[in-house]
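What follows is a single structure, written as structure tokens, with notes after it.
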Amino acid sequence: MNLVALLRERAEQHPGRPALIDRKRGEDRVKTFGELLLRVEQGSAQLQQMGLKRGQTILLFQPVSIELYEILLAAFHSGLRVMLADPSAGKAFLTLCCGRLAPDAFFGPWKAQLLRQFVPALKKIPLAIRSDGWFPGTTKWAASGDGVPLLEVPDEEPALITFTSGSTGVPKAAVRTHGFLLAQHKALSHALDFKEGEVDLITLPVFGLANLASGLTRVLADTDLRSPG
């Protein structure tokens with residue numbers, strides 16, 4: 001089961017309920033469940049039009065924002081694998097991560113696109129998608145038009161791959177499947193006693209998936225993940 005199916009269920013039940021709230025350039029932004037689902041479906045279509053196919057990997061360097069969840073869920077919607085690596089770990093670490101798993105696409109704002117120019121392993125990624133601003137050689141994230149149907153995937157299909165350095169400094173990959181993330185949602189919903197319609201403040205992005213699936217409104221803190229304290 002594709003975990004985006006849970007977002008679709010929530011959008012059908014309460015399309016006008018706020019799903020995500022963040023702040024950009026001094027203004028609050030709100031995306032309802034209905035609007036978010038539409039953006040995810042449109043984004044999935046855009047990713048496929050760019051030539052990305054099920055099983056390929058997209059590396060995200062996007063700050064905690066509405067765009068982060070749009071691209072994350074659009075990738076899952078298309079059966080793409082999302083890769084996350086800590087940008088504060090340094091060039092050597094990022095190079096090792098890309099050596100372990102070579103991404104097929106890179107997503108981030110123009111500042112992240114600039115970082116690619118100084119890390120050869122990132123620069124080799126064939127497709128670059130920018131979430132804002134302008135940068136040469138990149139494609140603008142502009143989900144619009146018609147969406148595409150949700151791609152059904154088995155529970156064992158990899159969805160999210162994160163890299164941590166641990167105590168040795170060598171990148172260690174943690175692979176979360178669609179089935180794992182669905183099970184995590186159920187466990188968190190039970191342990192944290194989620195109540196539909198509640199408002200939650202998010203600082204750990206992966207927990208936001210469980211909140212969405214439970215019908216909560218998520219306020220995204222303006223957080224720099226390089227120094228969350």
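Chain labels A, B, ... are given in the sequence in which chains occur in the structure tokens; within each chain residues are numbered consecutively from 1, and ligands are likewise numbered from 1 in the order shown.
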
For this session: Extract, using only C-alpha atoms, all DNA, RNA and protein residues at most 7 Å from stretch 53-63 of chain A, discarding same-chain residues fewer than 3 positions from it, and format them as an MDAnalysis selection string.
Result: chainID A and resid 48 68 78:84 103:109 112

Keeping only N, CA, C and O atoms, write the selected residues as a compact mmCIF listing (two decimals), in the first residue's frame.
# COMPACT_ATOMS: atom_id res chain seq x y z
N GLN A 48 7.23 12.60 -13.23
CA GLN A 48 7.20 11.60 -14.30
C GLN A 48 7.49 12.23 -15.65
O GLN A 48 8.17 11.63 -16.50
N LEU A 68 8.73 20.98 1.22
CA LEU A 68 9.36 19.72 1.61
C LEU A 68 8.35 18.58 1.57
O LEU A 68 8.63 17.50 1.03
N SER A 78 4.69 8.58 -6.75
CA SER A 78 5.19 8.01 -8.01
C SER A 78 6.05 6.76 -7.81
O SER A 78 6.60 6.23 -8.78
N GLY A 79 6.20 6.32 -6.55
CA GLY A 79 7.04 5.16 -6.31
C GLY A 79 8.52 5.46 -6.33
O GLY A 79 9.35 4.56 -6.49
N LEU A 80 8.88 6.76 -6.18
CA LEU A 80 10.29 7.13 -6.11
C LEU A 80 10.80 6.98 -4.68
O LEU A 80 10.02 7.06 -3.72
N ARG A 81 12.10 6.78 -4.55
CA ARG A 81 12.72 6.66 -3.25
C ARG A 81 13.33 8.01 -2.87
O ARG A 81 14.08 8.60 -3.65
N VAL A 82 13.01 8.48 -1.69
CA VAL A 82 13.52 9.77 -1.20
C VAL A 82 14.75 9.52 -0.35
O VAL A 82 14.74 8.68 0.55
N MET A 83 15.82 10.26 -0.63
CA MET A 83 17.08 10.14 0.10
C MET A 83 17.33 11.43 0.88
O MET A 83 17.19 12.52 0.34
N LEU A 84 17.68 11.28 2.15
CA LEU A 84 18.01 12.42 3.00
C LEU A 84 19.40 12.22 3.57
O LEU A 84 19.74 11.14 4.05
N PRO A 103 22.06 9.24 -6.38
CA PRO A 103 20.72 9.77 -6.66
C PRO A 103 20.53 10.03 -8.16
O PRO A 103 21.47 10.31 -8.90
N ASP A 104 19.27 9.96 -8.58
CA ASP A 104 18.90 10.26 -9.96
C ASP A 104 18.45 11.70 -10.12
O ASP A 104 18.40 12.23 -11.24
N ALA A 105 18.09 12.35 -9.01
CA ALA A 105 17.63 13.74 -9.05
C ALA A 105 17.97 14.41 -7.73
O ALA A 105 18.16 13.75 -6.70
N PHE A 106 18.06 15.74 -7.79
CA PHE A 106 18.39 16.57 -6.62
C PHE A 106 17.33 17.64 -6.51
O PHE A 106 17.00 18.30 -7.49
N PHE A 107 16.80 17.87 -5.30
CA PHE A 107 15.74 18.87 -5.10
C PHE A 107 16.13 19.79 -3.97
O PHE A 107 16.54 19.35 -2.89
N GLY A 108 16.00 21.11 -4.20
CA GLY A 108 16.27 22.07 -3.15
C GLY A 108 16.19 23.49 -3.67
O GLY A 108 16.09 23.73 -4.88
N PRO A 109 16.25 24.47 -2.76
CA PRO A 109 16.22 25.88 -3.17
C PRO A 109 17.52 26.26 -3.87
O PRO A 109 18.46 25.47 -3.93
N ALA A 112 20.80 25.55 -2.14
CA ALA A 112 21.23 24.15 -2.19
C ALA A 112 21.82 23.83 -3.55
O ALA A 112 22.79 23.05 -3.66

For this session: Mind the document's chain letters and residue numbers, and return as number ranges by chain the residues of stretch 79-219 of chain A that DSSP labels helix (DSSP H, G or I).
Result: A: 87-89, 91-100, 110-116, 120-123, 178-191, 205-213

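Distances here use only C-alpha atoms; by that measure, the residue among A:Ser227, A:Thr203, A:Ser144, A:Gln49 closest to A:Asp86 is A:Ser227.
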
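In terms of minimum interatomic distance to A:Arg29, A:Ile66 ranks closest within A:Leu6, A:Val148, A:Ile66, A:Ala174, counting only C-alpha atoms.
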
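In terms of minimum interatomic distance to A:Pro120, A:Ala92 ranks closest within A:Leu3, A:Leu150, A:Ala143, A:Ala92, counting only C-alpha atoms.
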
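Using only C-alpha atoms, the smallest distance between any of A:Val175, A:Met50, A:Leu37, A:Val64 and A:Arg23 comes from A:Val64.
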
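Interatomic distance, atom CA of A:Pro87 against atom CA of A:Gly137: 21.1 Å.
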
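With only C-alpha atoms taken into account, the protein and nucleic acid residues at most 9 Å from A:Ala102 (excluding it and anything under 3 positions from it in its own chain) are Thr57, Cys97, Cys98, Gly99, Ala121 and Ile125 of chain A.
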
Problem set entry | Those of stretch 1-205 of chain A in DSSP strand (DSSP E or B), formatted as a ChimeraX atom specification | /A:18-24,27-32,57-60,81-85,105-108,127-130,139-140,158-164,172-177,199-202

For this session: For A:Val40, list every protein, DNA or RNA residue within 12 Å, evaluated using only C-alpha atoms, and leave out those in the same chain fewer than 5 positions away; present the list as a PyMOL selection string.
Result: chain A and resi 4-5+7-8+11+31+33-35+45-47+66-78+141-150

Could you save those same residues with N, CA, C and O atoms as a short mmCIF file (atom, residue, chain, number, x, y, z; two decimals), in the first residue's frame?
data_model
loop_
_atom_site.label_atom_id
_atom_site.label_comp_id
_atom_site.auth_asym_id
_atom_site.auth_seq_id
_atom_site.Cartn_x
_atom_site.Cartn_y
_atom_site.Cartn_z
N VAL A 4 0.70 7.33 0.63
CA VAL A 4 -0.01 8.54 0.23
C VAL A 4 -1.52 8.28 0.18
O VAL A 4 -2.32 9.22 0.20
N ALA A 5 -1.92 7.01 0.15
CA ALA A 5 -3.34 6.69 0.17
C ALA A 5 -4.01 7.24 1.43
O ALA A 5 -5.20 7.60 1.40
N LEU A 7 -3.24 10.10 2.89
CA LEU A 7 -3.49 11.53 2.63
C LEU A 7 -4.74 11.68 1.78
O LEU A 7 -5.56 12.56 2.02
N ARG A 8 -4.89 10.81 0.79
CA ARG A 8 -6.07 10.87 -0.08
C ARG A 8 -7.34 10.67 0.74
O ARG A 8 -8.35 11.37 0.53
N ALA A 11 -8.05 13.86 2.66
CA ALA A 11 -8.50 14.93 1.76
C ALA A 11 -9.96 14.73 1.35
O ALA A 11 -10.70 15.71 1.17
N LYS A 31 -1.89 25.37 3.67
CA LYS A 31 -2.32 24.41 2.66
C LYS A 31 -3.33 23.47 3.30
O LYS A 31 -3.05 22.83 4.32
N PHE A 33 -5.91 20.07 3.31
CA PHE A 33 -5.70 18.70 2.89
C PHE A 33 -6.05 18.53 1.41
O PHE A 33 -5.35 17.83 0.66
N GLY A 34 -7.13 19.19 0.97
CA GLY A 34 -7.51 19.10 -0.44
C GLY A 34 -6.47 19.72 -1.35
O GLY A 34 -6.12 19.15 -2.39
N GLU A 35 -5.96 20.89 -0.96
CA GLU A 35 -4.94 21.56 -1.76
C GLU A 35 -3.64 20.76 -1.78
O GLU A 35 -2.99 20.66 -2.82
N ALA A 45 2.96 14.04 -11.34
CA ALA A 45 2.92 14.11 -12.81
C ALA A 45 4.16 14.82 -13.34
O ALA A 45 4.76 14.39 -14.34
N GLN A 46 4.57 15.91 -12.68
CA GLN A 46 5.75 16.65 -13.13
C GLN A 46 7.00 15.80 -13.03
O GLN A 46 7.84 15.79 -13.94
N LEU A 47 7.15 15.06 -11.93
CA LEU A 47 8.32 14.19 -11.77
C LEU A 47 8.38 13.14 -12.88
O LEU A 47 9.45 12.84 -13.41
N ILE A 66 6.40 23.80 3.50
CA ILE A 66 5.34 23.15 2.74
C ILE A 66 5.92 22.43 1.54
O ILE A 66 5.52 21.31 1.20
N GLU A 67 6.90 23.06 0.88
CA GLU A 67 7.51 22.44 -0.31
C GLU A 67 8.17 21.10 0.02
O GLU A 67 8.17 20.19 -0.81
N LEU A 68 8.73 20.98 1.22
CA LEU A 68 9.36 19.72 1.61
C LEU A 68 8.35 18.58 1.57
O LEU A 68 8.63 17.50 1.03
N TYR A 69 7.16 18.83 2.11
CA TYR A 69 6.15 17.77 2.14
C TYR A 69 5.52 17.54 0.77
O TYR A 69 5.13 16.42 0.44
N GLU A 70 5.42 18.60 -0.01
CA GLU A 70 4.90 18.42 -1.38
C GLU A 70 5.79 17.48 -2.18
O GLU A 70 5.32 16.52 -2.80
N ILE A 71 7.10 17.73 -2.19
CA ILE A 71 8.01 16.91 -2.98
C ILE A 71 8.15 15.51 -2.38
O ILE A 71 8.22 14.51 -3.09
N LEU A 72 8.19 15.43 -1.05
CA LEU A 72 8.31 14.13 -0.39
C LEU A 72 7.14 13.23 -0.75
O LEU A 72 7.32 12.07 -1.17
N LEU A 73 5.94 13.76 -0.63
CA LEU A 73 4.76 12.95 -0.90
C LEU A 73 4.55 12.72 -2.39
O LEU A 73 4.06 11.67 -2.80
N ALA A 74 4.93 13.69 -3.23
CA ALA A 74 4.84 13.49 -4.68
C ALA A 74 5.77 12.38 -5.13
O ALA A 74 5.43 11.57 -6.00
N ALA A 75 6.95 12.31 -4.53
CA ALA A 75 7.88 11.23 -4.85
C ALA A 75 7.31 9.89 -4.43
O ALA A 75 7.33 8.92 -5.22
N PHE A 76 6.79 9.79 -3.21
CA PHE A 76 6.17 8.55 -2.76
C PHE A 76 5.01 8.17 -3.68
O PHE A 76 4.81 7.00 -4.01
N HIS A 77 4.23 9.16 -4.08
CA HIS A 77 3.07 8.96 -4.96
C HIS A 77 3.49 8.26 -6.25
O HIS A 77 2.74 7.43 -6.79
N SER A 78 4.69 8.58 -6.75
CA SER A 78 5.19 8.01 -8.01
C SER A 78 6.05 6.76 -7.81
O SER A 78 6.60 6.23 -8.78
N TRP A 141 10.39 23.74 -9.80
CA TRP A 141 9.30 22.95 -9.24
C TRP A 141 8.03 23.78 -9.37
O TRP A 141 7.85 24.80 -8.72
N ALA A 142 7.14 23.36 -10.24
CA ALA A 142 5.93 24.13 -10.52
C ALA A 142 4.78 23.18 -10.78
O ALA A 142 4.24 23.11 -11.89
N ALA A 143 4.41 22.41 -9.76
CA ALA A 143 3.32 21.45 -9.91
C ALA A 143 2.05 22.18 -10.33
O ALA A 143 1.59 23.10 -9.66
N SER A 144 1.50 21.78 -11.46
CA SER A 144 0.28 22.41 -11.98
C SER A 144 -0.34 21.46 -13.01
O SER A 144 0.24 20.42 -13.35
N GLY A 145 -1.50 21.84 -13.50
CA GLY A 145 -2.14 21.03 -14.53
C GLY A 145 -2.79 19.78 -13.95
O GLY A 145 -3.24 19.75 -12.80
N ASP A 146 -2.83 18.73 -14.76
CA ASP A 146 -3.48 17.49 -14.35
C ASP A 146 -2.54 16.63 -13.52
O ASP A 146 -1.33 16.59 -13.75
N GLY A 147 -3.10 15.94 -12.56
CA GLY A 147 -2.33 15.01 -11.76
C GLY A 147 -2.34 13.63 -12.39
O GLY A 147 -2.88 13.42 -13.49
N VAL A 148 -1.73 12.68 -11.73
CA VAL A 148 -1.70 11.30 -12.20
C VAL A 148 -2.22 10.40 -11.08
O VAL A 148 -2.17 10.76 -9.91
N PRO A 149 -2.72 9.21 -11.45
CA PRO A 149 -3.24 8.30 -10.42
C PRO A 149 -2.14 7.85 -9.47
O PRO A 149 -0.96 7.80 -9.83
N LEU A 150 -2.54 7.50 -8.27
CA LEU A 150 -1.61 7.00 -7.25
C LEU A 150 -1.05 5.66 -7.69
O LEU A 150 -1.79 4.78 -8.13
#

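The spacing separating atom CA of A:His178 from atom CA of A:Asp155 amounts to 5.2 Å.
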
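Shortest separation to A:Thr139 among A:Thr177, A:Leu160, A:Pro154, A:Trp110 occurs at residue A:Trp110, atoms counted being only C-alpha atoms.
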
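Residue nearest A:Pro171, chosen from A:Ser88, A:Thr95, A:Asn2, A:Ser44 and counting only C-alpha atoms: A:Thr95.
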
Problem set entry | Point-to-point distance from atom CA of A:Phe207 to atom CA of A:Gly179, Å rounded to tenths | 15.4 Å

Exercise. Contacts of A:Ile21 at 7 Å or less, counting only C-alpha atoms, minus same-chain residues fewer than 3 places along, as a PyMOL selection string?
Worked result: chain A and resi 28-31+218-220
